[in-house]
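Participant: The structure is given below, and queries will be raised subsequently.
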Amino acid sequence: MKKKILIPTDFSKNAWNATTYAIDLFKREHCEFHIVNTYFLSGYSTENLLIPEPGDAAYEVIKEASEKNIEKLKTQLNFRDDSPGHRFYFYSEFGTLTNVIKQIIDDKDIEFIVMGTRGETDSNKVVFGSNTITVMEKIRLCPVLAIPGDVIFKDPNEIVFPTSFKTHFKQRELKHLIEIARLTNAPIRILHMKEELSLSDKQKENKQLLEDIFHQIEFTHHELENISVKKGLQSFVQSRGSEMIAFINKKHTFFGSIFTNPMVKELGAHAKVPILALHDIRS
């Protein structure tokens with residue numbers, strides 16, 4: 001069965017880098033890559049009748065620009081990817097990014113999103129662009145792998161998975177993390193920011209459950225104490241040279257709203273590694 005991957009693009013260098021990263025990550029897999037560019041006009045809404053008609057001058061300009069760039073991207077990928085198990089599908093769609101993504105996920109049964117961390121400006125001052133943050137926050141139907149613009153694909157040396165052990169784990173929430181660990185032979189480093197002298201019985205149960213889920217891949221446990229989640233994660237990744245971070249973005253627990261602008265910018269600025277956002281399937 002082919003894996004179906006959605007890649008939003010704004011035709012920036014950062015978006016191209018995310019596209020090639022996805023191709024290399026799944027180079028041995030049978031995949032459908034669904035590449036989408038969205039265009040939108042301020043003052044219009046996809047929720048009501050204020051939608052531009054064909055022939056509207058401003059609409060035709062942005063539509064034509066999107067379609068032309070999609071054709072250029074097709075040519076680039078023809079030269080770039082020769083994996084026999086890869087198929088590409090392209091979309092140029094009017095609408096907001098999140099609305100279009102949700103529609104394609106539903107129509108094409110998408111199971112994974114890969115995107116760059118910055119937008120069309122590729123500004124070094126913006127680590128995680130607003131589009132990336134929005135997609136990570138709003139698209140909870142499938143995981144999002146965010147790729148910094150200067151990260152060239154290589155099998156990560158390890159994947160850091162921070163947790164408090166205070167919430168229950170489900171195998172379905174972690175299957176994409178396990179898949180990436182298997183594809184790249186990367187061990188998982190389970191990082192616990194210790195807040196108490198010892199784990200509660202519930203935490204011990206959750207820790208054992210996590211170990212059971214990870215039983216077929218390499219993993220190790222690590223602890224840090226007397227440090228915040230944000231600082232602890234940053235120092236751990238920096239000190240070890242870790243090359244990927246993954247976590248479950250559960251609502252109202254542990255990280256809380258981890259994808260707030262300050263947190264994401266600081267994490268991205270210091271870590272400079274791909275970040276895999278998994279989601280609580282019950283949220």
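Going through the structure tokens in order, the chains are called A, B, and so on, while each chain numbers its residues from 1 and the ligands are numbered from 1 in the order shown.
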Counting only C-alpha atoms, which residues of stretch 128-186 of chain A fall within 10 Å of stretch 213-229 of chain A, and what is the closest atom pair for each with its distance in Å at one decimal, ordered by chain and rising number, as a tab-separated table?
Facilitator:
residue	atom	partner	partner_atom	distance
A:Glu158	CA	A:Phe219	CA	9.2
A:Ile159	CA	A:Phe219	CA	9.2
A:Val160	CA	A:Phe219	CA	9.7
A:Phe161	CA	A:His221	CA	9.7
A:Pro162	CA	A:Val229	CA	8.3
A:Thr163	CA	A:Val229	CA	9.1
A:Ser164	CA	A:Val229	CA	9.3
A:Phe169	CA	A:Ile213	CA	8.5
A:Lys170	CA	A:Ile213	CA	8.1
A:Gln171	CA	A:Ile213	CA	6.1
A:Arg172	CA	A:Ile213	CA	9.7
A:Leu174	CA	A:Ile213	CA	8.1
A:Lys175	CA	A:Ile213	CA	9.0
A:Leu177	CA	A:Phe214	CA	9.7
A:Ile178	CA	A:Phe214	CA	7.3
A:Glu179	CA	A:Ile217	CA	9.6
A:Ala181	CA	A:Ile217	CA	7.3
A:Arg182	CA	A:Ile217	CA	7.0
A:Asn185	CA	A:Ile217	CA	8.4
A:Ala186	CA	A:Glu218	CA	7.6
Participant: In stretch 86-246 of chain A, what's strand (DSSP E or B) per DSSP? Answer as a ChimeraX atom specification?
Facilitator: /A:86-94,112-116,144-147,159-163,188-194,219-225,245-246
Participant: Applying 10 Å and only C-alpha atoms, which residues near A:Pro143 remain after dropping the ones on its own chain fewer than 3 positions away? List them as a list in words.
Facilitator: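 Counting only C-alpha atoms, the residues come to Glu111, Phe112, Ile113, Val114, Val135, Met136, Ile139, Arg140, Ala146, Glu173, Leu174, His176, Leu177, Ile248, Asn249, Leu276, Ala277, Leu278, His279 and Asp280 of chain A.
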Participant: Quick one: distance from atom CA of A:Ile180 to atom CA of A:Lys2 in Å, one decimal?
Facilitator: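 If I compute the distance from atom CA of A:Ile180 to atom CA of A:Lys2, I get 15.4 Å.
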Participant: Write out as a list in words all residues of stretch 108-175 of chain A that backbone DSSP assigns to alpha helix (DSSP H).
Facilitator: Lys108, Ser130, Asn131, Thr132, Ile133, Thr134, Val135, Met136, Glu137, Lys138, Gln171, Arg172, Glu173, Leu174 and Lys175 of chain A
Participant: What is the atom CA of A:Gln203-atom CA of A:Phe247 distance in Å, reported with one decimal?
Facilitator: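 One can read the atom CA of A:Gln203 to atom CA of A:Phe247 distance as 16.9 Å.
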Participant: Residues of stretch 65-85 of chain A that approach stretch 7-20 of chain A to 9 Å or less, counting only C-alpha atoms: could you list each one with the shortest pair of atoms and its distance in Å to one decimal, rows by chain and increasing residue number, as CSV?
Facilitator:
residue,atom,partner,partner_atom,distance
A:Ser66,CA,A:Asp10,CA,8.7
A:Asn69,CA,A:Phe11,CA,7.1
A:Ile70,CA,A:Phe11,CA,8.2
A:Leu73,CA,A:Phe11,CA,7.8
A:Leu77,CA,A:Thr20,CA,8.8
A:Arg80,CA,A:Thr20,CA,8.1
A:Asp81,CA,A:Thr20,CA,8.5
Participant: May I ask for the distance between atom CA of A:Leu197 and atom CA of A:Thr167, given in Å to one decimal place?
Facilitator: 18.2 Å
Participant: Kindly indicate which residue among A:Val100, A:Leu145, A:Ala57, A:Ile105 lies nearest to A:Ala22, using only C-alpha atoms for the distances.
Facilitator: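 Comparing A:Val100, A:Leu145, A:Ala57, A:Ile105 against A:Ala22, the winner is A:Leu145.
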Participant: Which of these, A:Lys231, A:Gly116, A:Thr184, A:His168, has the shortest distance to A:Ile133 once you count only C-alpha atoms?
Facilitator: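 Once distances to A:Ile133 are computed over only C-alpha atoms, the minimum belongs to A:Gly116.
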Participant: Using only C-alpha atoms, find the one residue out of A:Ser83, A:Thr75, A:Thr117, A:Ile188 that sits nearest to A:Asp150.
Facilitator: A:Thr117
Participant: Find the residue from A:Phe40, A:Gly232, A:Leu210, A:Lys74 that sits nearest to A:Ala58; use only C-alpha atoms when measuring.
Facilitator: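 Ranked by minimum distance to A:Ala58, first place goes to A:Phe40.
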Participant: Using only C-alpha atoms, which of the listed residues (A:Thr98, A:Ser92, A:Thr132, A:Ser235) sits closest to A:Glu67?
Facilitator: A:Ser92
